[in-house]
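Undergrad: Just so it is clear, I am handing over upload.tsv, which has TSV, C-alpha atoms.
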chain	number	residue	atom	x	y	z
A	294	MET	CA	75.46	11.27	-53.69
A	295	THR	CA	73.79	9.82	-56.81
A	296	ASP	CA	70.15	9.96	-57.86
A	297	MET	CA	69.81	6.34	-56.80
A	298	ASP	CA	70.94	7.24	-53.28
A	299	ASP	CA	68.37	10.04	-53.13
A	300	THR	CA	65.60	7.62	-54.08
A	301	GLN	CA	66.62	5.18	-51.39
A	302	GLU	CA	66.56	7.92	-48.78
A	303	THR	CA	63.11	9.21	-49.70
A	304	ASP	CA	61.66	5.69	-49.91
A	305	PHE	CA	62.89	4.57	-46.48
A	306	GLY	CA	60.40	2.11	-45.07
A	307	ARG	CA	59.16	1.01	-48.54
A	308	ASP	CA	59.96	-2.11	-50.54
A	309	ALA	CA	62.51	-1.23	-53.24
A	310	LEU	CA	60.71	-3.26	-55.94
A	311	THR	CA	57.02	-2.66	-55.28
A	312	GLY	CA	57.07	0.69	-53.45
A	313	GLU	CA	54.67	-0.83	-50.91
A	314	PRO	CA	55.26	-0.21	-47.19
A	315	ASP	CA	58.04	-2.39	-45.76
A	316	GLY	CA	56.63	-4.97	-43.38
A	317	GLU	CA	58.92	-4.00	-40.50
A	318	MET	CA	58.35	-0.23	-40.58
A	319	SER	CA	54.77	-0.20	-41.84
A	320	LEU	CA	52.35	1.91	-39.83
A	321	LEU	CA	48.58	2.03	-40.29
A	322	ILE	CA	46.92	5.15	-38.87
A	323	VAL	CA	43.12	5.08	-38.59
A	324	ASP	CA	41.46	8.35	-37.61
A	325	ASP	CA	38.44	10.29	-38.91
A	326	ASP	CA	39.90	13.69	-37.93
A	327	THR	CA	41.52	14.51	-41.30
A	328	PRO	CA	43.79	17.40	-40.19
A	329	PHE	CA	45.06	15.38	-37.21
A	330	LEU	CA	45.51	12.30	-39.43
A	331	ARG	CA	47.60	14.23	-41.96
A	332	ARG	CA	49.72	15.87	-39.26
A	333	ILE	CA	50.49	12.59	-37.50
A	334	ALA	CA	51.12	10.81	-40.82
A	335	ARG	CA	53.70	13.44	-41.83
A	336	ALA	CA	55.35	13.36	-38.42
A	337	MET	CA	55.58	9.57	-38.38
A	338	GLU	CA	56.89	9.47	-41.95
A	339	THR	CA	59.75	11.77	-40.95
A	340	ARG	CA	60.57	9.27	-38.20
A	341	GLY	CA	61.07	6.49	-40.76
A	342	PHE	CA	57.69	4.79	-40.87
A	343	ALA	CA	56.00	3.75	-44.12
A	344	ILE	CA	52.51	5.17	-43.68
A	345	GLU	CA	49.09	3.84	-44.66
A	346	THR	CA	46.08	5.92	-43.59
A	347	ALA	CA	42.37	5.21	-43.25
A	348	GLU	CA	39.49	7.44	-42.16
A	349	THR	CA	36.79	4.82	-41.56
A	350	VAL	CA	36.43	1.46	-39.85
A	351	ALA	CA	35.74	-0.24	-43.20
A	352	GLU	CA	38.82	1.31	-44.84
A	353	GLY	CA	40.97	0.45	-41.82
A	354	ILE	CA	39.85	-3.19	-41.84
A	355	GLU	CA	40.40	-3.44	-45.60
A	356	LYS	CA	43.96	-2.04	-45.37
A	357	ALA	CA	44.77	-4.20	-42.34
A	358	LYS	CA	43.74	-7.35	-44.19
A	359	ALA	CA	45.44	-6.38	-47.48
A	360	ARG	CA	48.79	-5.45	-45.90
A	361	PRO	CA	48.96	-6.24	-42.17
A	362	PRO	CA	51.11	-3.51	-40.57
A	363	LYS	CA	53.90	-3.93	-38.03
A	364	TYR	CA	52.56	-0.89	-36.14
A	365	ALA	CA	49.10	0.69	-35.87
A	366	VAL	CA	47.60	3.83	-34.36
A	367	VAL	CA	43.82	3.59	-34.14
A	368	ASP	CA	41.28	6.19	-33.00
A	369	LEU	CA	38.70	4.58	-30.75
A	370	ARG	CA	35.69	6.57	-31.94
A	371	LEU	CA	35.29	6.73	-35.70
A	372	GLU	CA	32.46	8.12	-37.80
A	373	ASP	CA	31.21	4.70	-38.93
A	374	GLY	CA	31.91	2.65	-35.81
A	375	THR	CA	34.53	1.79	-33.25
A	376	GLY	CA	38.27	1.37	-33.63
A	377	LEU	CA	37.99	-1.84	-31.60
A	378	ASP	CA	36.77	-3.54	-34.81
A	379	VAL	CA	39.91	-2.38	-36.62
A	380	ILE	CA	42.09	-3.68	-33.77
A	381	ALA	CA	40.39	-7.08	-33.97
A	382	ALA	CA	40.94	-7.20	-37.76
A	383	ILE	CA	44.62	-6.28	-37.36
A	384	ARG	CA	45.06	-9.00	-34.72
A	385	GLU	CA	43.47	-11.59	-37.04
A	386	ALA	CA	45.82	-10.64	-39.87
A	387	ARG	CA	49.02	-10.25	-37.83
A	388	GLU	CA	49.49	-11.13	-34.17
A	389	ASP	CA	52.76	-9.24	-33.61
A	390	THR	CA	51.41	-5.80	-34.65
A	391	ARG	CA	52.09	-3.18	-32.01
A	392	ILE	CA	48.90	-1.11	-31.58
A	393	VAL	CA	48.28	2.18	-29.81
A	394	VAL	CA	44.73	3.46	-29.31
A	395	LEU	CA	43.98	7.20	-29.50
A	396	THR	CA	40.83	8.92	-28.35
A	397	GLY	CA	39.51	12.35	-27.55
A	398	TYR	CA	37.67	10.91	-24.58
A	399	GLY	CA	39.27	8.61	-22.05
A	400	ASN	CA	37.13	5.83	-20.65
A	401	ILE	CA	38.48	3.08	-18.41
A	402	ALA	CA	36.11	0.40	-19.74
A	403	THR	CA	37.06	0.96	-23.38
A	404	ALA	CA	40.74	1.20	-22.45
A	405	VAL	CA	40.52	-2.21	-20.80
A	406	THR	CA	38.73	-3.65	-23.85
A	407	ALA	CA	41.35	-2.17	-26.21
A	408	VAL	CA	44.18	-3.66	-24.15
A	409	LYS	CA	42.43	-7.05	-24.01
A	410	LEU	CA	42.18	-6.96	-27.81
A	411	GLY	CA	45.91	-6.37	-27.99
A	412	ALA	CA	46.59	-2.63	-27.82
A	413	LEU	CA	49.84	-1.68	-26.09
A	414	ASP	CA	48.79	1.71	-24.86
A	415	TYR	CA	45.93	4.18	-24.73
A	416	LEU	CA	46.71	7.87	-25.41
A	417	ALA	CA	44.42	10.89	-25.17
A	418	LYS	CA	44.14	13.21	-28.17
A	419	PRO	CA	45.76	15.37	-29.21
A	420	ALA	CA	48.71	13.03	-28.80
A	421	ASP	CA	52.20	14.16	-29.71
A	422	ALA	CA	54.09	12.17	-32.37
A	423	ASP	CA	56.94	11.55	-29.91
A	424	ASP	CA	54.48	10.06	-27.39
A	425	ILE	CA	53.06	7.80	-30.09
A	426	VAL	CA	56.52	6.62	-31.20
A	427	HIS	CA	57.49	5.95	-27.58
A	428	ALA	CA	54.27	3.98	-26.99
A	429	LEU	CA	54.76	1.95	-30.18
A	430	THR	CA	58.41	1.13	-29.49
A	431	GLN	CA	58.47	0.69	-25.71
A	432	ALA	CA	59.83	-2.54	-24.34
A	433	PRO	CA	57.30	-5.02	-22.88
A	434	GLY	CA	56.56	-4.11	-19.28
A	435	GLU	CA	58.13	-0.64	-19.62
A	436	LYS	CA	56.06	1.99	-17.88
A	437	VAL	CA	55.23	5.25	-19.62
A	438	ASP	CA	56.36	8.42	-17.88
A	439	PRO	CA	53.48	10.53	-16.59
A	440	PRO	CA	52.73	13.56	-18.79
A	441	GLU	CA	54.49	16.79	-17.87
A	442	ASN	CA	51.30	18.82	-18.29
A	443	PRO	CA	48.31	16.55	-17.59
A	444	MET	CA	44.80	17.88	-18.14
A	445	SER	CA	43.33	19.63	-15.14
A	446	ALA	CA	40.25	18.20	-13.45
A	447	ASP	CA	38.24	21.15	-14.84
A	448	ARG	CA	39.45	20.35	-18.38
A	449	VAL	CA	38.56	16.66	-18.01
A	450	ARG	CA	35.08	17.64	-16.81
A	451	TRP	CA	34.69	20.07	-19.73
A	452	GLU	CA	35.82	17.40	-22.23
A	453	HIS	CA	33.27	14.95	-20.83
A	454	ILE	CA	30.45	17.52	-21.05
A	455	GLN	CA	31.45	18.35	-24.65
A	456	ARG	CA	31.47	14.67	-25.58
A	457	VAL	CA	28.00	14.04	-24.16
A	458	TYR	CA	26.75	17.28	-25.79
A	459	GLU	CA	27.99	16.05	-29.19
A	460	MET	CA	26.50	12.57	-28.60
A	461	CYS	CA	23.14	14.26	-28.00
A	462	ASP	CA	23.42	16.12	-31.33
A	463	ARG	CA	24.07	19.40	-29.50
A	464	ASN	CA	20.70	19.24	-27.75
A	465	VAL	CA	21.12	21.15	-24.47
A	466	SER	CA	18.02	19.74	-22.75
A	467	GLU	CA	18.91	16.11	-23.55
A	468	THR	CA	22.54	16.67	-22.53
A	469	ALA	CA	21.48	18.24	-19.21
A	470	ARG	CA	19.14	15.31	-18.52
A	471	ARG	CA	21.87	12.74	-19.23
A	472	LEU	CA	24.42	14.60	-17.09
A	473	ASN	CA	21.86	15.08	-14.31
A	474	MET	CA	22.38	18.84	-14.19
A	475	HIS	CA	20.18	21.88	-14.60
A	476	ARG	CA	19.81	23.10	-18.19
A	477	ARG	CA	20.85	26.69	-17.33
A	478	THR	CA	23.97	25.47	-15.54
A	479	LEU	CA	24.91	23.47	-18.63
A	480	GLN	CA	24.28	26.48	-20.88
A	481	ARG	CA	26.65	28.59	-18.74
A	482	ILE	CA	29.35	25.88	-18.96
A	483	LEU	CA	28.93	25.54	-22.72
A	484	ALA	CA	29.17	29.33	-23.19
A	485	LYS	CA	32.59	29.46	-21.50
A	486	ARG	CA	35.91	28.65	-23.12
A	487	ALA	CA	37.64	25.38	-22.38
A	488	PRO	CA	39.71	25.44	-19.17
A	489	ARG	CA	43.44	24.79	-19.45
So that I can check it, write out the structure of this file as structure tokens.
TA:
Amino acid sequence: MTDMDDTQETDFGRDALTGEPDGEMSLLIVDDDTPFLRRIARAMETRGFAIETAETVAEGIEKAKARPPKYAVVDLRLEDGTGLDVIAAIREAREDTRIVVLTGYGNIATAVTAVKLGALDYLAKPADADDIVHALTQAPGEKVDPPENPMSADRVRWEHIQRVYEMCDRNVSETARRLNMHRRTLQRILAKRAPR
């Protein structure tokens, strides 16, 4: 194998002349969780995708407009706004982009909105790279297999409480009021570890 062959292998998914992501294997990942973003980017790159990453809504929109990707993985809740804005920008730039929405908190209303804007699927974090690839490449109308180890009802409840607690800036009294529960009950729940 020559040096030229090595270069072609390492640059799979990139244009040979410009080094920019190839239009047919380009993947834009937008997530504000930096460790998760890096892990997914590495995993997707090993699967042959040419990766572009963004950590904010503004950066995601900018990259989507500059080089519309063939595939996109967008976190729904970002530090500076909602991933729905990024999805809309991607759709404006390229209608055939296959988009998967990720989120740490599942919500039926936002899932419906994401799908109406053009997302193919809606996955809960932490999503596995194989699940993301399957969601991005599934045939139209193909149903996703149910997860082998879905979250328990106790875990879903705990995740919801944690989300509201964070939305209330970790204020126990405000969180208890919004969840319509006694403050001491909430404190006991927050003191425990997450259920499996």
Undergrad: So, with only C-alpha atoms as the atoms that count, which of A:Glu372, A:Ala359, A:Leu416, A:Ile383 lies closest to Met460 (chain A)?
TA: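 Going through A:Glu372, A:Ala359, A:Leu416, A:Ile383 one by one, the smallest distance to Met460 (chain A) is for A:Glu372.
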Undergrad: Please provide as number ranges by chain all residues within 8 Å of region 340-354 of chain A, with the sequence filter that same-chain residues fewer than 4 positions apart are discarded (counting all atoms listed in the file).
TA: A: 305-307, 314-315, 318-327, 330, 334, 336, 358, 371-376, 378-379, 382-383
Undergrad: Any idea what the distance is between CA of Ala420 (chain A) and CA of Thr396 (chain A)?
TA: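 The value is 8.9 Å.
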Undergrad: Looking at all atoms listed in the file, which of A:Val465, A:Phe329, A:Ile380, A:Ile392 is the one that sits closest to Glu355 (chain A)?
TA: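 Once distances to Glu355 (chain A) are computed over all atoms listed in the file, the minimum belongs to A:Ile380.
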Undergrad: Rounded to one decimal in Å, what is the spacing between CA of Asp423 (chain A) and CA of Asp368 (chain A)?
TA: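 Taking CA of Asp423 (chain A) as the start and CA of Asp368 (chain A) as the end point, the length is 16.8 Å.
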Undergrad: One number please: CA of His427 (chain A) to CA of Val449 (chain A), in Å, one decimal.
TA: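 Value for the CA of His427 (chain A)-CA of Val449 (chain A) distance: 23.8 Å.
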Undergrad: Since the input lacks some atoms of region 336-347 of chain A, please model all heavy atoms and print them as a compact mmCIF listing (two decimals), in the coordinates of the input.
TA:
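Now in out_15.txt:
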# COMPACT_ATOMS: atom_id res chain seq x y z
N ALA A 336 54.39 13.46 -39.52
CA ALA A 336 55.35 13.36 -38.42
C ALA A 336 55.93 11.96 -38.31
O ALA A 336 57.14 11.79 -38.10
CB ALA A 336 54.69 13.76 -37.10
N MET A 337 55.09 10.95 -38.48
CA MET A 337 55.58 9.57 -38.38
C MET A 337 56.42 9.19 -39.59
O MET A 337 57.38 8.43 -39.46
CB MET A 337 54.40 8.61 -38.22
CG MET A 337 53.56 8.87 -36.97
SD MET A 337 54.51 8.88 -35.44
CE MET A 337 54.49 7.16 -35.07
N GLU A 338 56.09 9.74 -40.75
CA GLU A 338 56.89 9.47 -41.95
C GLU A 338 58.30 10.03 -41.79
O GLU A 338 59.27 9.38 -42.19
CB GLU A 338 56.19 10.07 -43.18
CG GLU A 338 56.67 9.48 -44.48
CD GLU A 338 55.73 9.81 -45.62
OE1 GLU A 338 55.12 10.90 -45.62
OE2 GLU A 338 55.62 8.97 -46.51
N THR A 339 58.42 11.20 -41.17
CA THR A 339 59.75 11.77 -40.95
C THR A 339 60.56 10.96 -39.94
O THR A 339 61.77 11.06 -39.91
CB THR A 339 59.68 13.24 -40.45
OG1 THR A 339 59.01 13.27 -39.20
CG2 THR A 339 58.99 14.13 -41.47
N ARG A 340 59.88 10.13 -39.16
CA ARG A 340 60.57 9.27 -38.20
C ARG A 340 60.88 7.89 -38.77
O ARG A 340 61.28 7.00 -38.05
CB ARG A 340 59.72 9.16 -36.93
CG ARG A 340 59.74 10.44 -36.11
CD ARG A 340 58.64 10.46 -35.08
NE ARG A 340 58.73 11.60 -34.19
CZ ARG A 340 58.32 12.83 -34.48
NH1 ARG A 340 57.80 13.08 -35.66
NH2 ARG A 340 58.44 13.80 -33.60
N GLY A 341 60.65 7.72 -40.08
CA GLY A 341 61.07 6.49 -40.76
C GLY A 341 60.00 5.45 -40.98
O GLY A 341 60.29 4.35 -41.45
N PHE A 342 58.76 5.75 -40.65
CA PHE A 342 57.69 4.79 -40.87
C PHE A 342 57.13 4.91 -42.28
O PHE A 342 57.08 6.00 -42.84
CB PHE A 342 56.54 5.01 -39.86
CG PHE A 342 56.89 4.66 -38.45
CD1 PHE A 342 57.39 5.62 -37.58
CD2 PHE A 342 56.71 3.37 -37.98
CE1 PHE A 342 57.72 5.30 -36.27
CE2 PHE A 342 57.03 3.04 -36.68
CZ PHE A 342 57.55 4.00 -35.83
N ALA A 343 56.71 3.78 -42.83
CA ALA A 343 56.00 3.75 -44.12
C ALA A 343 54.52 3.80 -43.78
O ALA A 343 53.99 2.89 -43.15
CB ALA A 343 56.34 2.49 -44.89
N ILE A 344 53.85 4.87 -44.17
CA ILE A 344 52.51 5.17 -43.68
C ILE A 344 51.41 4.68 -44.61
O ILE A 344 51.48 4.84 -45.83
CB ILE A 344 52.35 6.70 -43.50
CG1 ILE A 344 53.46 7.27 -42.62
CG2 ILE A 344 50.97 7.05 -42.96
CD1 ILE A 344 53.51 6.73 -41.23
N GLU A 345 50.37 4.12 -44.02
CA GLU A 345 49.09 3.84 -44.66
C GLU A 345 48.06 4.54 -43.78
O GLU A 345 48.14 4.47 -42.56
CB GLU A 345 48.79 2.34 -44.66
CG GLU A 345 49.58 1.53 -45.63
CD GLU A 345 48.97 1.49 -47.02
OE1 GLU A 345 47.78 1.83 -47.19
OE2 GLU A 345 49.69 1.12 -47.93
N THR A 346 47.09 5.24 -44.39
CA THR A 346 46.08 5.92 -43.59
C THR A 346 44.68 5.44 -43.98
O THR A 346 44.46 5.00 -45.11
CB THR A 346 46.14 7.45 -43.76
OG1 THR A 346 45.92 7.77 -45.13
CG2 THR A 346 47.47 8.00 -43.29
N ALA A 347 43.77 5.54 -43.02
CA ALA A 347 42.37 5.21 -43.25
C ALA A 347 41.53 6.14 -42.38
O ALA A 347 41.94 6.50 -41.28
CB ALA A 347 42.11 3.76 -42.89
